[in-house]
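Coordinates from entry-v8.csv are shown below (CSV, C-alpha atoms and all ligand atoms).
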```
chain,number,residue,atom,x,y,z
A,1,MET,CA,129.4,117.2,134.5
A,2,ASP,CA,126.1,116.6,136.2
A,3,LEU,CA,123.4,117.8,133.8
A,4,SER,CA,120.6,115.9,135.5
A,5,ILE,CA,117.4,117.6,136.6
A,6,GLU,CA,114.2,116.8,138.4
A,7,ILE,CA,110.8,118.4,137.5
A,8,GLY,CA,108.0,117.4,139.8
A,9,GLY,CA,109.2,113.8,140.0
A,10,LEU,CA,110.4,113.7,136.4
A,11,LYS,CA,114.1,112.8,136.5
A,12,LEU,CA,116.1,113.4,133.3
A,13,GLU,CA,119.8,112.8,132.7
A,14,THR,CA,120.0,115.9,130.5
A,15,PRO,CA,117.8,119.0,130.7
A,16,LEU,CA,117.1,119.1,127.0
A,17,MET,CA,113.8,117.9,125.6
A,18,ALA,CA,112.5,117.5,122.1
A,19,ALA,CA,109.5,119.8,121.9
A,20,SER,CA,106.1,118.5,120.9
A,21,GLY,CA,105.2,118.4,117.3
A,22,VAL,CA,108.4,118.4,115.4
A,23,ILE,CA,109.3,114.7,115.4
A,24,GLY,CA,105.7,113.8,114.9
A,25,VAL,CA,104.6,110.4,116.1
A,26,SER,CA,107.6,108.4,115.0
A,27,ALA,CA,109.2,106.1,117.5
A,28,MET,CA,112.2,105.6,115.2
A,29,LEU,CA,112.8,109.4,115.1
A,30,ALA,CA,112.3,109.6,118.9
A,31,ARG,CA,115.1,107.0,119.3
A,32,ARG,CA,117.4,109.0,117.2
A,33,VAL,CA,116.6,112.2,119.1
A,34,PHE,CA,117.4,110.4,122.4
A,35,ALA,CA,120.6,109.0,121.0
A,36,SER,CA,121.6,112.6,119.9
A,37,GLY,CA,121.6,113.8,123.5
A,38,ALA,CA,118.0,114.7,124.4
A,39,GLY,CA,116.9,113.9,127.9
A,40,CYS,CA,113.4,113.0,126.8
A,41,VAL,CA,110.9,113.4,124.0
A,42,VAL,CA,107.6,115.1,124.1
A,43,ALA,CA,105.3,113.4,121.6
A,44,LYS,CA,103.0,115.1,119.2
A,45,SER,CA,99.7,116.2,120.8
A,46,VAL,CA,97.0,113.6,120.6
A,47,GLY,CA,93.3,113.7,121.2
A,48,LEU,CA,90.4,111.3,121.4
A,49,LYS,CA,89.8,111.3,117.6
A,50,ALA,CA,92.3,111.2,114.8
A,51,ARG,CA,92.7,114.4,112.8
A,52,GLU,CA,94.0,114.9,109.3
A,53,GLY,CA,95.2,118.4,110.0
A,54,TYR,CA,94.9,121.3,107.5
A,55,PRO,CA,95.6,121.0,103.8
A,56,GLY,CA,98.8,122.8,102.7
A,57,PRO,CA,100.4,125.2,102.5
A,58,ASN,CA,100.7,124.7,106.3
A,59,VAL,CA,104.3,125.9,106.9
A,60,VAL,CA,106.0,129.0,105.7
A,61,LYS,CA,109.6,130.2,106.4
A,62,VAL,CA,110.0,133.8,107.5
A,63,PRO,CA,113.1,135.7,108.6
A,64,CYS,CA,114.3,134.0,111.8
A,65,GLY,CA,111.5,131.6,112.1
A,66,LEU,CA,108.7,129.4,110.8
A,67,ILE,CA,105.0,129.8,110.8
A,68,ASN,CA,103.0,126.6,110.9
A,69,ALA,CA,99.3,125.8,110.8
A,70,MET,CA,99.3,122.1,110.9
A,71,GLY,CA,95.9,121.8,112.5
A,72,LEU,CA,96.7,119.2,115.1
A,73,PRO,CA,97.2,116.2,112.7
A,74,ASN,CA,97.4,113.1,114.8
A,75,PRO,CA,96.5,109.4,114.4
A,76,GLY,CA,94.3,109.2,117.5
A,77,ILE,CA,95.1,107.7,120.9
A,78,GLN,CA,95.2,104.0,119.9
A,79,GLU,CA,97.8,104.5,117.2
A,80,MET,CA,99.8,107.0,119.4
A,81,VAL,CA,99.8,104.5,122.2
A,82,LYS,CA,101.5,102.0,119.9
A,83,GLU,CA,104.3,104.5,119.1
A,84,LEU,CA,104.6,105.5,122.7
A,85,LYS,CA,105.1,101.9,123.6
A,86,ALA,CA,107.7,101.5,120.9
A,87,MET,CA,109.5,104.6,122.2
A,88,LYS,CA,109.6,103.1,125.7
A,89,GLY,CA,110.8,99.8,124.1
A,90,PHE,CA,113.8,101.7,122.8
A,91,GLY,CA,114.4,103.1,126.3
A,92,VAL,CA,113.4,106.6,125.4
A,93,PRO,CA,111.9,108.7,128.2
A,94,VAL,CA,108.7,110.1,126.8
A,95,ILE,CA,106.1,112.6,127.7
A,96,ALA,CA,102.7,112.3,126.1
A,97,SER,CA,101.1,115.5,124.9
A,98,ILE,CA,97.3,115.7,124.9
A,99,TYR,CA,94.6,118.1,123.8
A,100,GLY,CA,90.8,118.1,124.0
A,101,PHE,CA,87.8,120.1,123.1
A,102,SER,CA,86.5,120.0,126.7
A,103,VAL,CA,87.7,119.4,130.2
A,104,ASP,CA,86.3,115.8,130.0
A,105,GLU,CA,88.2,115.1,126.8
A,106,TYR,CA,91.5,116.1,128.3
A,107,GLY,CA,90.8,113.9,131.3
A,108,GLU,CA,89.7,111.0,129.1
A,109,ALA,CA,92.7,111.2,126.8
A,110,ALA,CA,95.1,111.2,129.7
A,111,GLU,CA,93.3,108.3,131.4
A,112,LEU,CA,93.4,106.2,128.2
A,113,ILE,CA,97.1,106.7,127.7
A,114,ALA,CA,98.0,106.2,131.4
A,115,GLY,CA,96.1,102.9,131.3
A,116,GLU,CA,98.1,101.6,128.4
A,117,VAL,CA,101.6,102.9,128.6
A,118,ASP,CA,104.0,103.9,131.3
A,119,VAL,CA,105.0,107.4,130.0
A,120,GLU,CA,107.2,109.6,132.2
A,121,GLY,CA,104.6,112.4,132.3
A,122,PHE,CA,101.9,114.4,130.5
A,123,GLU,CA,102.1,117.7,128.8
A,124,LEU,CA,98.8,119.5,128.3
A,125,ASN,CA,98.5,121.4,125.1
A,126,LEU,CA,96.6,124.5,126.4
A,127,SER,CA,98.2,126.6,123.7
A,128,CYS,CA,97.9,125.3,120.1
A,129,PRO,CA,97.3,128.5,118.1
A,130,THR,CA,95.7,127.0,115.0
A,131,VAL,CA,92.6,125.0,115.9
A,132,HIS,CA,89.3,126.5,117.2
A,133,GLY,CA,87.8,125.1,120.4
A,134,THR,CA,91.0,123.8,121.9
A,135,GLY,CA,94.6,124.9,122.6
A,136,PHE,CA,94.9,128.7,123.1
A,137,GLU,CA,91.2,129.3,123.2
A,138,ILE,CA,91.2,127.1,126.3
A,139,GLY,CA,94.6,128.2,127.6
A,140,THR,CA,93.7,131.8,127.8
A,141,ASP,CA,90.9,131.1,130.3
A,142,PRO,CA,92.3,130.5,133.8
A,143,LEU,CA,89.1,128.8,135.0
A,144,LYS,CA,89.3,126.2,132.2
A,145,VAL,CA,93.0,125.7,132.8
A,146,ARG,CA,92.3,125.0,136.4
A,147,GLU,CA,89.6,122.4,135.6
A,148,ILE,CA,91.7,120.6,133.0
A,149,VAL,CA,94.7,120.3,135.1
A,150,LYS,CA,92.6,119.0,138.0
A,151,ALA,CA,90.9,116.5,135.7
A,152,VAL,CA,94.2,115.2,134.3
A,153,LYS,CA,95.8,115.0,137.7
A,154,GLU,CA,93.0,112.9,138.9
A,155,ALA,CA,93.2,110.7,135.8
A,156,VAL,CA,97.0,109.9,135.9
A,157,GLY,CA,97.7,109.4,139.6
A,158,ASP,CA,101.2,110.4,140.5
A,159,LYS,CA,102.5,111.0,137.0
A,160,PRO,CA,103.9,114.5,136.4
A,161,VAL,CA,101.5,116.9,134.6
A,162,ILE,CA,102.9,119.9,132.8
A,163,ALA,CA,100.8,122.7,131.4
A,164,LYS,CA,102.1,124.1,128.1
A,165,LEU,CA,101.2,127.8,128.0
A,166,THR,CA,100.4,130.2,125.2
A,167,PRO,CA,102.2,133.5,124.8
A,168,ASN,CA,99.1,134.9,123.3
A,169,VAL,CA,97.8,136.4,126.6
A,170,THR,CA,98.3,139.7,128.5
A,171,ASP,CA,99.4,138.0,131.7
A,172,ILE,CA,101.0,134.6,131.3
A,173,VAL,CA,101.7,134.4,135.1
A,174,SER,CA,98.0,134.4,135.9
A,175,ILE,CA,97.5,131.4,133.6
A,176,GLY,CA,100.5,129.6,135.1
A,177,LYS,CA,99.2,130.3,138.6
A,178,ALA,CA,95.9,128.7,137.7
A,179,ALA,CA,97.7,125.6,136.6
A,180,GLU,CA,99.9,125.6,139.7
A,181,GLU,CA,96.9,126.0,142.1
A,182,ALA,CA,95.2,123.1,140.3
A,183,GLY,CA,98.2,120.8,141.0
A,184,ALA,CA,100.3,121.1,137.9
A,185,ASP,CA,103.9,119.8,138.5
A,186,GLY,CA,105.4,122.3,136.0
A,187,VAL,CA,104.7,124.6,133.1
A,188,THR,CA,106.2,124.8,129.6
A,189,ALA,CA,106.6,128.3,128.2
A,190,ILE,CA,105.9,128.9,125.3
A,191,ASN,CA,103.9,127.5,122.4
A,192,THR,CA,104.0,129.4,119.2
A,193,VAL,CA,103.0,133.1,118.7
A,194,ARG,CA,100.0,133.7,116.5
A,195,ALA,CA,101.3,135.1,113.2
A,196,MET,CA,100.8,135.2,109.5
A,197,ALA,CA,102.4,135.8,106.1
A,198,ILE,CA,100.9,137.2,102.9
A,199,ASP,CA,101.8,136.5,99.3
A,200,VAL,CA,102.0,139.9,97.7
A,201,TYR,CA,101.3,138.6,94.2
A,202,LEU,CA,98.5,136.3,95.0
A,203,GLU,CA,97.3,138.9,97.5
A,204,ARG,CA,96.2,136.3,100.0
A,205,PRO,CA,97.5,134.7,103.2
A,206,ILE,CA,100.2,132.1,102.4
A,207,LEU,CA,99.0,129.5,105.0
A,208,ASN,CA,95.8,127.7,104.0
A,209,PRO,CA,94.0,128.6,107.2
A,210,GLY,CA,95.4,132.1,107.2
A,211,ILE,CA,96.8,132.4,110.7
A,212,GLY,CA,99.4,130.1,112.2
A,213,GLY,CA,102.0,130.0,115.0
A,214,LEU,CA,105.5,131.5,114.8
A,215,SER,CA,108.4,129.5,116.2
A,216,GLY,CA,112.2,129.7,115.9
A,217,PRO,CA,114.8,132.4,116.8
A,218,ALA,CA,112.2,135.1,116.2
A,219,VAL,CA,110.3,134.1,119.3
A,220,LYS,CA,113.2,133.4,121.7
A,221,PRO,CA,113.1,136.8,123.4
A,222,ILE,CA,109.3,136.4,124.0
A,223,ALA,CA,109.8,133.0,125.4
A,224,LEU,CA,112.7,134.1,127.6
A,225,ARG,CA,110.5,136.9,129.0
A,226,ALA,CA,107.7,134.5,129.7
A,227,VAL,CA,110.1,132.1,131.6
A,228,TYR,CA,111.5,135.0,133.6
A,229,GLU,CA,108.1,136.2,134.7
A,230,LEU,CA,106.8,132.7,135.4
A,231,TYR,CA,109.9,131.8,137.5
A,232,ARG,CA,109.2,135.0,139.6
A,233,GLY,CA,105.5,134.3,139.9
A,234,LEU,CA,105.3,130.5,140.4
A,235,ARG,CA,106.8,127.9,142.8
A,236,ILE,CA,106.6,125.0,140.3
A,237,PRO,CA,109.4,124.4,137.7
A,238,VAL,CA,109.3,126.1,134.4
A,239,ILE,CA,110.4,124.5,131.1
A,240,GLY,CA,111.7,126.9,128.5
A,241,CYS,CA,110.6,126.5,124.9
A,242,GLY,CA,111.0,128.9,122.0
A,243,GLY,CA,113.9,129.5,119.6
A,244,VAL,CA,116.6,127.6,121.3
A,245,THR,CA,119.2,126.9,118.7
A,246,SER,CA,122.6,127.1,120.6
A,247,TRP,CA,124.0,126.4,124.0
A,248,ARG,CA,124.0,130.1,124.7
A,249,ASP,CA,120.2,130.3,124.1
A,250,ALA,CA,119.8,127.4,126.5
A,251,VAL,CA,122.0,129.1,129.2
A,252,GLU,CA,119.9,132.2,128.8
A,253,PHE,CA,116.8,130.2,129.6
A,254,PHE,CA,118.3,128.5,132.6
A,255,LEU,CA,119.4,131.9,133.9
A,256,ALA,CA,115.9,133.2,133.4
A,257,GLY,CA,114.5,130.4,135.5
A,258,ALA,CA,114.0,127.4,133.3
A,259,SER,CA,114.7,124.0,134.9
A,260,ALA,CA,114.8,122.4,131.4
A,261,VAL,CA,114.7,123.5,127.9
A,262,GLN,CA,112.8,122.2,124.9
A,263,ILE,CA,114.2,122.3,121.3
A,264,GLY,CA,111.8,122.2,118.4
A,265,THR,CA,112.3,124.3,115.3
A,266,ALA,CA,116.1,124.1,115.5
A,267,ILE,CA,115.7,120.3,114.8
A,268,LEU,CA,114.4,121.3,111.4
A,269,TYR,CA,117.0,124.1,110.9
A,270,ARG,CA,120.0,122.3,112.2
A,271,ASP,CA,119.2,118.6,112.3
A,272,LEU,CA,119.5,116.4,115.4
A,273,LYS,CA,123.1,117.4,116.0
A,274,VAL,CA,121.6,120.5,117.7
A,275,PHE,CA,121.1,118.4,120.9
A,276,ARG,CA,124.7,117.2,121.1
A,277,GLU,CA,126.0,120.8,120.4
A,278,VAL,CA,123.8,122.3,123.0
A,279,LYS,CA,124.7,119.6,125.6
A,280,ASP,CA,128.4,119.9,125.0
A,281,GLY,CA,128.3,123.7,125.0
A,282,LEU,CA,126.4,123.6,128.3
A,283,SER,CA,129.0,121.3,129.9
A,284,ARG,CA,131.8,123.6,128.7
A,285,TYR,CA,130.0,126.7,130.0
A,286,LEU,CA,129.5,125.1,133.5
A,287,ARG,CA,133.2,124.1,133.6
A,288,ASP,CA,134.2,127.7,132.6
A,289,LYS,CA,131.9,129.0,135.4
A,290,GLY,CA,133.4,126.6,137.9
A,291,LEU,CA,130.0,124.8,138.4
A,292,ALA,CA,129.7,121.0,138.7
A,293,GLU,CA,126.0,120.8,137.9
A,294,ILE,CA,123.2,122.7,136.2
A,295,LYS,CA,120.9,123.3,139.1
A,296,PRO,CA,122.7,126.4,140.6
A,297,LEU,CA,122.3,128.1,137.2
A,298,VAL,CA,118.5,128.1,137.3
A,299,GLY,CA,117.1,131.6,137.9
A,300,ARG,CA,120.5,133.2,138.5
A,301,ALA,CA,119.6,136.2,136.3
A,302,HIS,CA,117.1,137.2,139.0
A,303,ARG,CA,119.9,138.0,141.4
A,304,ALA,CA,120.3,141.2,139.5
A,305,GLY,CA,117.1,142.2,141.2
A,306,ILE,CA,115.5,143.6,138.1
B,1,LIG,O1,99.3,121.3,115.0
B,1,LIG,C1,99.5,122.5,115.0
B,1,LIG,O2,99.0,123.3,114.2
B,1,LIG,C2,100.2,123.1,116.2
B,1,LIG,C3,100.0,122.8,117.5
B,1,LIG,BR1,99.0,121.3,118.0
B,1,LIG,C4,100.7,123.5,118.5
B,1,LIG,O3,100.6,123.2,119.7
B,1,LIG,N1,101.5,124.5,118.1
B,1,LIG,C5,101.6,124.9,116.8
B,1,LIG,O4,102.3,125.9,116.5
B,1,LIG,N2,101.0,124.2,115.9
```

Starting from the file, give its structure as structure tokens.
Amino acid sequence: MDLSIEIGGLKLETPLMAASGVIGVSAMLARRVFASGAGCVVAKSVGLKAREGYPGPNVVKVPCGLINAMGLPNPGIQEMVKELKAMKGFGVPVIASIYGFSVDEYGEAAELIAGEVDVEGFELNLSCPTVHGTGFEIGTDPLKVREIVKAVKEAVGDKPVIAKLTPNVTDIVSIGKAAEEAGADGVTAINTVRAMAIDVYLERPILNPGIGGLSGPAVKPIALRAVYELYRGLRIPVIGCGGVTSWRDAVEFFLAGASAVQIGTAILYRDLKVFREVKDGLSRYLRDKGLAEIKPLVGRAHRAGI
């Protein structure tokens, strides 16, 4: 079965990617993820300066999901470059994820990484819901999205640049269009949904910073809707991300218009075996449908004309 895909020049043997954030910065873990059947790994978002992240509690389990407020913990670019090089050394295709507090910071971060390590592409975190001044505060403004995509495209030459979008907007397609018009090679939809949980006895928010981002099965229908709308509204490929736990979830995303699917929270719920299970299930599904490859599946739900 041919599960290979191509996204704006990024060629993957398998259309499954490890979502940013979950496996942290560890090259050893990235190697295990790849060996488990992922087509590539998206590294934890990194910026110009190292960040500690927020003190705990910074993760809380809720029915059908997790809410996190990690606060962009990362070791800074120099340390991340070492891990990215190690990942490449293990033969793992890797996409660097970057954030910044300004257009220039995104551009600079991308340029520094591109100058040091031959990553497969860049994912721009325009959607982190937990830190002020970056992420979703930038990714809800189409003008800023446009400028950042342009700056990063200029900084990284012909490497694929993918904008990771926030669901915390009224019209995700208008943000996707801004990225597309600025030269993005694809978009990832979605990052986490702003959310919170409250301890009824302590009478206070459970997460230290109060608000965090919801992920896991709870957000899958939201992500699926976003992918469906983006596929209809854009010409560049869409990568689905949000609550994928089974092969059936992945198929739903392909039918909605995703060219690839990222798996994040399910790695925590189900362990790395989730990649093998989804991959095998996908192959079985294609065989049952009489298809020899994944590409004809992409966007097929739109044939219903709804
Ligand atoms: O680190 C975080 O708190 C975080 C990030 Br950068 C992100 O993109 N999405 C998320 O749910 N948490």

Pick from A:Met28, A:Ile211, A:Ala304, A:Val22 nearest to Val60 of chain A, counting only C-alpha atoms: A:Ile211

Pick from A:Cys64, A:Gly157, A:Asp118, A:Leu12 nearest to Val244 of chain A, counting only C-alpha atoms: A:Cys64

Distance query Ala35 of chain A at most 10 Å, all atoms listed in the file, self and fewer than 3 positions along chain excluded, as a list in words: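 Non-adjacent residues within range: Leu29, Ala30, Arg31, Arg32, Ala38, Gly39, Val92, Leu272, Phe275 and Arg276 of chain A.
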
Shortest interatomic distance to ligand LIG 1 (chain B) - which of A:Tyr201, A:Phe254, A:Phe101, A:Phe136, counting all atoms listed in the file: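 For ligand LIG 1 (chain B), the nearest of the given residues is A:Phe136.
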
Protein and nucleic residues near ligand LIG 1 (chain B), 9 Å, only C-alpha atoms and all ligand atoms, as a ChimeraX atom specification: /A:20-21,44-46,53-54,58,67-74,99,125-131,135-136,164,166,191-194,212-215

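Across the model, the gap from atom CA of Ala151 of chain A to atom CA of Glu116 of chain A is 18.1 Å.
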
Which residue of A:Val251, A:Ala223, A:Ile172, A:Met17 approaches Tyr285 of chain A most closely, using all atoms listed in the file: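 Among the listed residues, the smallest separation from Tyr285 of chain A belongs to A:Val251.
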
Proximity to Thr134 of chain A - best of A:Ile95, A:Gly47, A:Pro75, A:Glu108, only C-alpha atoms: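 With only C-alpha atoms as the atom set, the closest residue is A:Gly47.
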